[in-house]
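Visitor: Got a structure for you, data16.pdb, holding PDB, N, CA and C atoms.
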MODEL        1
ATOM      1  N   MET A   1     -13.004  -2.281   8.215
ATOM      2  CA  MET A   1     -12.382  -3.184   7.271
ATOM      3  C   MET A   1     -13.117  -4.518   7.268
ATOM      4  N   LYS A   2     -13.298  -5.075   6.127
ATOM      5  CA  LYS A   2     -13.976  -6.360   6.015
ATOM      6  C   LYS A   2     -12.935  -7.467   6.069
ATOM      7  N   GLU A   3     -13.158  -8.409   6.960
ATOM      8  CA  GLU A   3     -12.217  -9.513   7.106
ATOM      9  C   GLU A   3     -12.266 -10.460   5.917
ATOM     10  N   GLU A   4     -13.427 -10.565   5.226
ATOM     11  CA  GLU A   4     -13.496 -11.496   4.109
ATOM     12  C   GLU A   4     -12.656 -11.041   2.919
ATOM     13  N   ASN A   5     -12.230  -9.777   2.883
ATOM     14  CA  ASN A   5     -11.364  -9.300   1.808
ATOM     15  C   ASN A   5      -9.977  -9.914   1.886
ATOM     16  N   LYS A   6      -9.562 -10.259   3.093
ATOM     17  CA  LYS A   6      -8.223 -10.800   3.294
ATOM     18  C   LYS A   6      -8.344 -12.313   3.401
ATOM     19  N   GLU A   7      -7.808 -13.015   2.432
ATOM     20  CA  GLU A   7      -7.876 -14.465   2.435
ATOM     21  C   GLU A   7      -6.469 -15.037   2.506
ATOM     22  N   VAL A   8      -6.325 -16.068   3.296
ATOM     23  CA  VAL A   8      -5.057 -16.788   3.326
ATOM     24  C   VAL A   8      -5.259 -18.042   2.502
ATOM     25  N   LEU A   9      -4.487 -18.197   1.457
ATOM     26  CA  LEU A   9      -4.604 -19.329   0.548
ATOM     27  C   LEU A   9      -3.375 -20.216   0.730
ATOM     28  N   GLY A  10      -3.450 -21.159   1.667
ATOM     29  CA  GLY A  10      -2.301 -22.010   1.938
ATOM     30  C   GLY A  10      -1.151 -21.152   2.409
ATOM     31  N   GLU A  11      -0.143 -21.011   1.594
ATOM     32  CA  GLU A  11       0.996 -20.177   1.933
ATOM     33  C   GLU A  11       0.991 -18.901   1.100
ATOM     34  N   MET A  12      -0.202 -18.482   0.718
ATOM     35  CA  MET A  12      -0.368 -17.271  -0.075
ATOM     36  C   MET A  12      -1.313 -16.332   0.669
ATOM     37  N   MET A  13      -1.127 -15.026   0.488
ATOM     38  CA  MET A  13      -2.028 -14.038   1.069
ATOM     39  C   MET A  13      -2.546 -13.183  -0.078
ATOM     40  N   LYS A  14      -3.849 -12.921  -0.070
ATOM     41  CA  LYS A  14      -4.471 -12.164  -1.156
ATOM     42  C   LYS A  14      -4.735 -10.737  -0.707
ATOM     43  N   PHE A  15      -4.279  -9.779  -1.529
ATOM     44  CA  PHE A  15      -4.524  -8.353  -1.321
ATOM     45  C   PHE A  15      -5.204  -7.843  -2.577
ATOM     46  N   GLY A  16      -6.520  -7.607  -2.502
ATOM     47  CA  GLY A  16      -7.262  -7.211  -3.702
ATOM     48  C   GLY A  16      -7.212  -8.330  -4.716
ATOM     49  N   VAL A  17      -6.684  -8.059  -5.889
ATOM     50  CA  VAL A  17      -6.556  -9.078  -6.931
ATOM     51  C   VAL A  17      -5.171  -9.707  -6.951
ATOM     52  N   LYS A  18      -4.271  -9.192  -6.158
ATOM     53  CA  LYS A  18      -2.880  -9.657  -6.138
ATOM     54  C   LYS A  18      -2.697 -10.711  -5.045
ATOM     55  N   THR A  19      -2.085 -11.830  -5.377
ATOM     56  CA  THR A  19      -1.794 -12.887  -4.413
ATOM     57  C   THR A  19      -0.287 -12.920  -4.180
ATOM     58  N   ILE A  20       0.097 -12.881  -2.914
ATOM     59  CA  ILE A  20       1.514 -12.782  -2.549
ATOM     60  C   ILE A  20       1.917 -13.998  -1.729
ATOM     61  N   PRO A  21       3.041 -14.640  -2.067
ATOM     62  CA  PRO A  21       3.512 -15.776  -1.274
ATOM     63  C   PRO A  21       3.900 -15.346   0.141
ATOM     64  N   ALA A  22       3.629 -16.215   1.111
ATOM     65  CA  ALA A  22       3.965 -15.920   2.507
ATOM     66  C   ALA A  22       5.468 -15.708   2.666
ATOM     67  N   ALA A  23       6.273 -16.392   1.862
ATOM     68  CA  ALA A  23       7.730 -16.227   1.938
ATOM     69  C   ALA A  23       8.137 -14.797   1.584
ATOM     70  N   LYS A  24       7.440 -14.186   0.628
ATOM     71  CA  LYS A  24       7.735 -12.803   0.240
ATOM     72  C   LYS A  24       7.320 -11.834   1.347
ATOM     73  N   LEU A  25       6.193 -12.125   2.014
ATOM     74  CA  LEU A  25       5.750 -11.301   3.138
ATOM     75  C   LEU A  25       6.746 -11.377   4.293
ATOM     76  N   ALA A  26       7.367 -12.534   4.454
ATOM     77  CA  ALA A  26       8.337 -12.714   5.536
ATOM     78  C   ALA A  26       9.559 -11.826   5.335
ATOM     79  N   LEU A  27       9.827 -11.430   4.102
ATOM     80  CA  LEU A  27      10.977 -10.571   3.804
ATOM     81  C   LEU A  27      10.713  -9.100   4.109
ATOM     82  N   CYS A  28       9.442  -8.740   4.328
ATOM     83  CA  CYS A  28       9.095  -7.354   4.646
ATOM     84  C   CYS A  28       9.657  -6.981   6.016
ATOM     85  N   ARG A  29      10.031  -5.718   6.163
ATOM     86  CA  ARG A  29      10.649  -5.257   7.405
ATOM     87  C   ARG A  29       9.661  -5.227   8.566
ATOM     88  N   SER A  30      10.182  -5.162   9.794
ATOM     89  CA  SER A  30       9.351  -5.342  10.986
ATOM     90  C   SER A  30       8.690  -4.064  11.514
ATOM     91  N   ASP A  31       9.114  -2.884  11.092
ATOM     92  CA  ASP A  31       8.459  -1.640  11.486
ATOM     93  C   ASP A  31       7.205  -1.473  10.632
ATOM     94  N   TYR A  32       6.084  -1.069  11.248
ATOM     95  CA  TYR A  32       4.822  -1.046  10.499
ATOM     96  C   TYR A  32       4.875  -0.128   9.282
ATOM     97  N   SER A  33       5.509   1.024   9.389
ATOM     98  CA  SER A  33       5.528   1.937   8.238
ATOM     99  C   SER A  33       6.404   1.393   7.113
ATOM    100  N   LYS A  34       7.492   0.748   7.455
ATOM    101  CA  LYS A  34       8.345   0.127   6.435
ATOM    102  C   LYS A  34       7.658  -1.100   5.841
ATOM    103  N   TYR A  35       6.914  -1.818   6.674
ATOM    104  CA  TYR A  35       6.150  -2.981   6.217
ATOM    105  C   TYR A  35       5.103  -2.539   5.189
ATOM    106  N   VAL A  36       4.420  -1.427   5.479
ATOM    107  CA  VAL A  36       3.431  -0.877   4.543
ATOM    108  C   VAL A  36       4.109  -0.533   3.216
ATOM    109  N   GLY A  37       5.262   0.121   3.293
ATOM    110  CA  GLY A  37       5.997   0.478   2.079
ATOM    111  C   GLY A  37       6.399  -0.735   1.266
ATOM    112  N   ASP A  38       6.870  -1.777   1.958
ATOM    113  CA  ASP A  38       7.255  -3.007   1.262
ATOM    114  C   ASP A  38       6.053  -3.653   0.579
ATOM    115  N   LEU A  39       4.913  -3.684   1.276
ATOM    116  CA  LEU A  39       3.697  -4.258   0.685
ATOM    117  C   LEU A  39       3.240  -3.461  -0.533
ATOM    118  N   LEU A  40       3.302  -2.141  -0.449
ATOM    119  CA  LEU A  40       2.920  -1.310  -1.593
ATOM    120  C   LEU A  40       3.828  -1.576  -2.785
ATOM    121  N   ASP A  41       5.138  -1.711  -2.526
ATOM    122  CA  ASP A  41       6.084  -2.035  -3.606
ATOM    123  C   ASP A  41       5.718  -3.350  -4.278
ATOM    124  N   ILE A  42       5.400  -4.349  -3.467
ATOM    125  CA  ILE A  42       5.079  -5.672  -3.998
ATOM    126  C   ILE A  42       3.772  -5.633  -4.795
ATOM    127  N   CYS A  43       2.767  -4.974  -4.260
ATOM    128  CA  CYS A  43       1.439  -4.979  -4.892
ATOM    129  C   CYS A  43       1.324  -4.078  -6.120
ATOM    130  N   PHE A  44       1.993  -2.933  -6.099
ATOM    131  CA  PHE A  44       1.792  -1.955  -7.170
ATOM    132  C   PHE A  44       3.025  -1.682  -8.028
ATOM    133  N   GLY A  45       4.215  -1.725  -7.478
ATOM    134  CA  GLY A  45       5.413  -1.361  -8.224
ATOM    135  C   GLY A  45       5.710   0.120  -8.104
ATOM    136  N   ARG A  46       6.963   0.481  -8.243
ATOM    137  CA  ARG A  46       7.399   1.863  -8.028
ATOM    138  C   ARG A  46       6.831   2.850  -9.040
ATOM    139  N   GLU A  47       6.758   2.458 -10.293
ATOM    140  CA  GLU A  47       6.263   3.367 -11.324
ATOM    141  C   GLU A  47       4.803   3.741 -11.061
ATOM    142  N   THR A  48       3.996   2.758 -10.742
ATOM    143  CA  THR A  48       2.585   3.017 -10.440
ATOM    144  C   THR A  48       2.455   3.878  -9.198
ATOM    145  N   LEU A  49       3.242   3.582  -8.162
ATOM    146  CA  LEU A  49       3.171   4.352  -6.923
ATOM    147  C   LEU A  49       3.572   5.803  -7.132
ATOM    148  N   SER A  50       4.513   6.055  -8.031
ATOM    149  CA  SER A  50       4.970   7.426  -8.259
ATOM    150  C   SER A  50       3.899   8.292  -8.928
ATOM    151  N   GLU A  51       2.890   7.657  -9.530
ATOM    152  CA  GLU A  51       1.820   8.390 -10.213
ATOM    153  C   GLU A  51       0.484   8.270  -9.495
ATOM    154  N   SER A  52       0.471   7.700  -8.301
ATOM    155  CA  SER A  52      -0.778   7.391  -7.606
ATOM    156  C   SER A  52      -1.081   8.347  -6.473
ATOM    157  N   VAL A  53      -2.359   8.383  -6.117
ATOM    158  CA  VAL A  53      -2.828   9.097  -4.931
ATOM    159  C   VAL A  53      -3.701   8.134  -4.139
ATOM    160  N   LEU A  54      -3.845   8.408  -2.848
ATOM    161  CA  LEU A  54      -4.663   7.550  -2.002
ATOM    162  C   LEU A  54      -6.145   7.800  -2.242
ATOM    163  N   LYS A  55      -6.540   9.051  -2.275
ATOM    164  CA  LYS A  55      -7.920   9.443  -2.565
ATOM    165  C   LYS A  55      -7.884  10.527  -3.626
ATOM    166  N   CYS A  56      -8.900  10.583  -4.456
ATOM    167  CA  CYS A  56      -8.933  11.579  -5.529
ATOM    168  C   CYS A  56     -10.043  12.590  -5.256
ATOM    169  N   ASN A  57      -9.745  13.861  -5.541
ATOM    170  CA  ASN A  57     -10.796  14.882  -5.456
ATOM    171  C   ASN A  57     -10.999  15.486  -6.841
ATOM    172  N   GLU A  58     -11.924  16.420  -6.970
ATOM    173  CA  GLU A  58     -12.267  16.968  -8.279
ATOM    174  C   GLU A  58     -11.132  17.769  -8.927
ATOM    175  N   ASN A  59     -10.173  18.254  -8.142
ATOM    176  CA  ASN A  59      -9.101  19.083  -8.682
ATOM    177  C   ASN A  59      -8.006  18.273  -9.376
ATOM    178  N   ARG A  60      -8.043  16.955  -9.259
ATOM    179  CA  ARG A  60      -7.011  16.116  -9.861
ATOM    180  C   ARG A  60      -7.221  15.984 -11.361
ATOM    181  N   THR A  61      -6.116  15.793 -12.089
ATOM    182  CA  THR A  61      -6.208  15.585 -13.530
ATOM    183  C   THR A  61      -6.546  14.127 -13.808
ATOM    184  N   SER A  62      -6.909  13.846 -15.039
ATOM    185  CA  SER A  62      -7.291  12.482 -15.402
ATOM    186  C   SER A  62      -6.075  11.546 -15.447
ATOM    187  N   LYS A  63      -4.863  12.102 -15.487
ATOM    188  CA  LYS A  63      -3.663  11.266 -15.531
ATOM    189  C   LYS A  63      -3.327  10.654 -14.171
ATOM    190  N   THR A  64      -3.896  11.199 -13.106
ATOM    191  CA  THR A  64      -3.606  10.707 -11.768
ATOM    192  C   THR A  64      -4.304   9.370 -11.544
ATOM    193  N   ILE A  65      -3.557   8.410 -11.064
ATOM    194  CA  ILE A  65      -4.084   7.078 -10.798
ATOM    195  C   ILE A  65      -4.497   6.992  -9.330
ATOM    196  N   VAL A  66      -5.724   6.595  -9.075
ATOM    197  CA  VAL A  66      -6.153   6.342  -7.711
ATOM    198  C   VAL A  66      -5.847   4.879  -7.438
ATOM    199  N   SER A  67      -5.054   4.621  -6.401
ATOM    200  CA  SER A  67      -4.673   3.251  -6.082
ATOM    201  C   SER A  67      -5.911   2.384  -5.891
ATOM    202  N   ASP A  68      -5.815   1.123  -6.286
ATOM    203  CA  ASP A  68      -6.916   0.169  -6.177
ATOM    204  C   ASP A  68      -7.423   0.103  -4.740
ATOM    205  N   GLU A  69      -8.665   0.512  -4.545
ATOM    206  CA  GLU A  69      -9.233   0.648  -3.203
ATOM    207  C   GLU A  69      -9.310  -0.683  -2.458
ATOM    208  N   GLY A  70      -9.659  -1.756  -3.159
ATOM    209  CA  GLY A  70      -9.748  -3.063  -2.527
ATOM    210  C   GLY A  70      -8.401  -3.530  -2.002
ATOM    211  N   THR A  71      -7.362  -3.351  -2.806
ATOM    212  CA  THR A  71      -6.019  -3.744  -2.394
ATOM    213  C   THR A  71      -5.556  -2.894  -1.222
ATOM    214  N   ILE A  72      -5.798  -1.591  -1.283
ATOM    215  CA  ILE A  72      -5.405  -0.693  -0.189
ATOM    216  C   ILE A  72      -6.119  -1.088   1.102
ATOM    217  N   ASN A  73      -7.420  -1.377   1.020
ATOM    218  CA  ASN A  73      -8.177  -1.787   2.208
ATOM    219  C   ASN A  73      -7.637  -3.091   2.789
ATOM    220  N   ASP A  74      -7.284  -4.033   1.916
ATOM    221  CA  ASP A  74      -6.717  -5.301   2.387
ATOM    222  C   ASP A  74      -5.370  -5.088   3.064
ATOM    223  N   ILE A  75      -4.543  -4.205   2.500
ATOM    224  CA  ILE A  75      -3.237  -3.906   3.105
ATOM    225  C   ILE A  75      -3.444  -3.266   4.472
ATOM    226  N   MET A  76      -4.365  -2.303   4.555
ATOM    227  CA  MET A  76      -4.609  -1.634   5.839
ATOM    228  C   MET A  76      -5.099  -2.625   6.893
ATOM    229  N   ALA A  77      -6.032  -3.513   6.521
ATOM    230  CA  ALA A  77      -6.552  -4.506   7.468
ATOM    231  C   ALA A  77      -5.451  -5.452   7.928
ATOM    232  N   HIS A  78      -4.618  -5.885   6.998
ATOM    233  CA  HIS A  78      -3.527  -6.800   7.326
ATOM    234  C   HIS A  78      -2.518  -6.155   8.278
ATOM    235  N   VAL A  79      -2.139  -4.922   7.998
ATOM    236  CA  VAL A  79      -1.153  -4.226   8.831
ATOM    237  C   VAL A  79      -1.718  -3.966  10.226
ATOM    238  N   MET A  80      -2.977  -3.566  10.319
ATOM    239  CA  MET A  80      -3.579  -3.316  11.638
ATOM    240  C   MET A  80      -3.683  -4.610  12.446
ATOM    241  N   GLU A  81      -3.904  -5.730  11.769
ATOM    242  CA  GLU A  81      -3.967  -7.016  12.462
ATOM    243  C   GLU A  81      -2.582  -7.467  12.914
ATOM    244  N   LYS A  82      -1.593  -7.270  12.057
ATOM    245  CA  LYS A  82      -0.223  -7.718  12.367
ATOM    246  C   LYS A  82       0.431  -6.858  13.448
ATOM    247  N   PHE A  83       0.216  -5.547  13.406
ATOM    248  CA  PHE A  83       0.794  -4.610  14.368
ATOM    249  C   PHE A  83      -0.358  -4.041  15.197
ATOM    250  N   GLN A  84      -0.830  -4.790  16.179
ATOM    251  CA  GLN A  84      -2.067  -4.527  16.916
ATOM    252  C   GLN A  84      -2.340  -3.088  17.370
ATOM    253  N   PRO A  85      -1.459  -2.367  18.019
ATOM    254  CA  PRO A  85      -1.882  -1.031  18.471
ATOM    255  C   PRO A  85      -1.932   0.027  17.359
ATOM    256  N   VAL A  86      -1.591  -0.340  16.142
ATOM    257  CA  VAL A  86      -1.555   0.606  15.027
ATOM    258  C   VAL A  86      -2.975   0.892  14.548
ATOM    259  N   SER A  87      -3.305   2.190  14.401
ATOM    260  CA  SER A  87      -4.650   2.593  13.965
ATOM    261  C   SER A  87      -4.693   2.758  12.445
ATOM    262  N   ILE A  88      -5.902   2.866  11.932
ATOM    263  CA  ILE A  88      -6.085   3.052  10.493
ATOM    264  C   ILE A  88      -5.467   4.379  10.037
ATOM    265  N   GLY A  89      -5.546   5.398  10.881
ATOM    266  CA  GLY A  89      -4.950   6.692  10.553
ATOM    267  C   GLY A  89      -3.437   6.609  10.399
ATOM    268  N   MET A  90      -2.808   5.811  11.244
ATOM    269  CA  MET A  90      -1.357   5.641  11.154
ATOM    270  C   MET A  90      -0.968   4.899   9.872
ATOM    271  N   VAL A  91      -1.757   3.912   9.487
ATOM    272  CA  VAL A  91      -1.481   3.161   8.258
ATOM    273  C   VAL A  91      -1.694   4.057   7.037
ATOM    274  N   ARG A  92      -2.785   4.840   7.047
ATOM    275  CA  ARG A  92      -3.036   5.760   5.932
ATOM    276  C   ARG A  92      -1.910   6.779   5.798
ATOM    277  N   ALA A  93      -1.408   7.268   6.926
ATOM    278  CA  ALA A  93      -0.298   8.231   6.902
ATOM    279  C   ALA A  93       0.950   7.583   6.298
ATOM    280  N   ALA A  94       1.211   6.329   6.641
ATOM    281  CA  ALA A  94       2.363   5.624   6.075
ATOM    282  C   ALA A  94       2.207   5.438   4.567
ATOM    283  N   ILE A  95       0.988   5.147   4.116
ATOM    284  CA  ILE A  95       0.734   4.999   2.677
ATOM    285  C   ILE A  95       0.941   6.333   1.962
ATOM    286  N   ARG A  96       0.379   7.411   2.525
ATOM    287  CA  ARG A  96       0.556   8.738   1.911
ATOM    288  C   ARG A  96       2.024   9.124   1.838
ATOM    289  N   GLN A  97       2.767   8.843   2.904
ATOM    290  CA  GLN A  97       4.197   9.175   2.923
ATOM    291  C   GLN A  97       4.947   8.409   1.833
ATOM    292  N   LYS A  98       4.618   7.144   1.655
ATOM    293  CA  LYS A  98       5.268   6.336   0.625
ATOM    294  C   LYS A  98       4.946   6.879  -0.770
ATOM    295  N   LEU A  99       3.682   7.222  -1.012
ATOM    296  CA  LEU A  99       3.300   7.775  -2.313
ATOM    297  C   LEU A  99       4.003   9.106  -2.571
ATOM    298  N   ASN A 100       4.077   9.959  -1.555
ATOM    299  CA  ASN A 100       4.760  11.245  -1.703
ATOM    300  C   ASN A 100       6.250  11.055  -1.982
ATOM    301  N   THR A 101       6.871  10.111  -1.309
ATOM    302  CA  THR A 101       8.299   9.842  -1.510
ATOM    303  C   THR A 101       8.570   9.417  -2.944
ATOM    304  N   TYR A 102       7.761   8.509  -3.471
ATOM    305  CA  TYR A 102       7.966   8.060  -4.855
ATOM    306  C   TYR A 102       7.682   9.170  -5.854
ATOM    307  N   HIS A 103       6.682   9.996  -5.583
ATOM    308  CA  HIS A 103       6.376  11.102  -6.488
ATOM    309  C   HIS A 103       7.527  12.102  -6.533
ATOM    310  N   LYS A 104       8.073  12.441  -5.365
ATOM    311  CA  LYS A 104       9.208  13.377  -5.308
ATOM    312  C   LYS A 104      10.440  12.782  -5.977
ATOM    313  N   SER A 105      10.654  11.482  -5.776
ATOM    314  CA  SER A 105      11.789  10.797  -6.394
ATOM    315  C   SER A 105      11.672  10.833  -7.912
ATOM    316  N   LYS A 106      10.470  10.624  -8.409
ATOM    317  CA  LYS A 106      10.241  10.656  -9.860
ATOM    318  C   LYS A 106      10.517  12.048 -10.425
ATOM    319  N   GLN A 107      10.074  13.091  -9.700
ATOM    320  CA  GLN A 107      10.304  14.452 -10.161
ATOM    321  C   GLN A 107      11.804  14.787 -10.163
ATOM    322  N   ARG A 108      12.520  14.365  -9.143
ATOM    323  CA  ARG A 108      13.966  14.645  -9.068
ATOM    324  C   ARG A 108      14.738  13.940 -10.163
ATOM    325  N   ASN A 109      14.344  12.702 -10.475
ATOM    326  CA  ASN A 109      15.076  11.910 -11.446
ATOM    327  C   ASN A 109      14.588  12.161 -12.869
ATOM    328  N   GLY A 110      13.558  12.970 -13.030
ATOM    329  CA  GLY A 110      13.058  13.325 -14.358
ATOM    330  C   GLY A 110      12.485  12.154 -15.136
ATOM    331  N   MET A 111      11.866  11.229 -14.458
ATOM    332  CA  MET A 111      11.309  10.054 -15.120
ATOM    333  C   MET A 111      10.104  10.398 -15.946
TER
ENDMDL
END
Would it be possible to restate this file's structure as structure tokens?

Guide:
Amino acid sequence: MKEENKEVLGEMMKFGVKTIPAAKLALCRSDYSKYVGDLLDICFGRETLSESVLKCNENRTSKTIVSDEGTINDIMAHVMEKFQPVSIGMVRAAIRQKLNTYHKSKQRNGM
């Protein structure tokens, strides 16, 4: 992870192209996986997350949205820094779980 991707702007934190107030980050829950979910909600929104994948392969349709890689990398770097013993694999698993949860929720609710 590149540290220069994550910038602290006074009381703002930048994730990709999205800038988030520190006060909003303070509202995120203290468990790393829930924190990841809260950050994804703030950065992307539920509708986008329900149609997104973490990585795309050739079998995916053109309608599938690949989450913004820069923002995802910034979120992963931030979470690993905040929750020190957490590895990149654990953060990626939390992101995949959040995306799967929103996708299943969308299918159940017929959105």

Visitor: Here's the selection I'm unsure about, the PyMOL selection byres (((chain A and resi 36-48 and name CA) around 10) and name CA); applied to the file above, which residues does it give, as a ChimeraX atom specification?

Guide: /A:15-20,24-25,27-35,49-53,64-68,71-72,75-76,78-79,91-92,94-99,102-103,106,111

Visitor: Quick one: distance from CA of Pro85 (chain A) to atom N of Leu54 (chain A) in Å, one decimal?

Guide: 23.4 Å

Visitor: At what distance in Å, to one decimal, does CA of Met13 (chain A) lie from CA of Asp74 (chain A)?

Guide: 10.0 Å

Visitor: Do you have the CA of Asn73 (chain A)-atom C of Lys104 (chain A) distance handy?

Guide: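 A separation of 25.0 Å between them.
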
Visitor: Could you give me, as a PyMOL selection string, each residue of region 24-104 of chain A that DSSP assigns to helix (DSSP H, G or I) when run on this structure's backbone?

Guide: chain A and resi 24-26+32-44+46-50+69-82+88-104

Visitor: From the options A:Gly70, A:Ala26, A:Ser105, A:Met90, which residue's atoms come nearest to Glu11 (chain A), counting only C-alpha atoms?

Guide: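 Looking only at the distances to Glu11 (chain A), the closest residue turns out to be A:Ala26.
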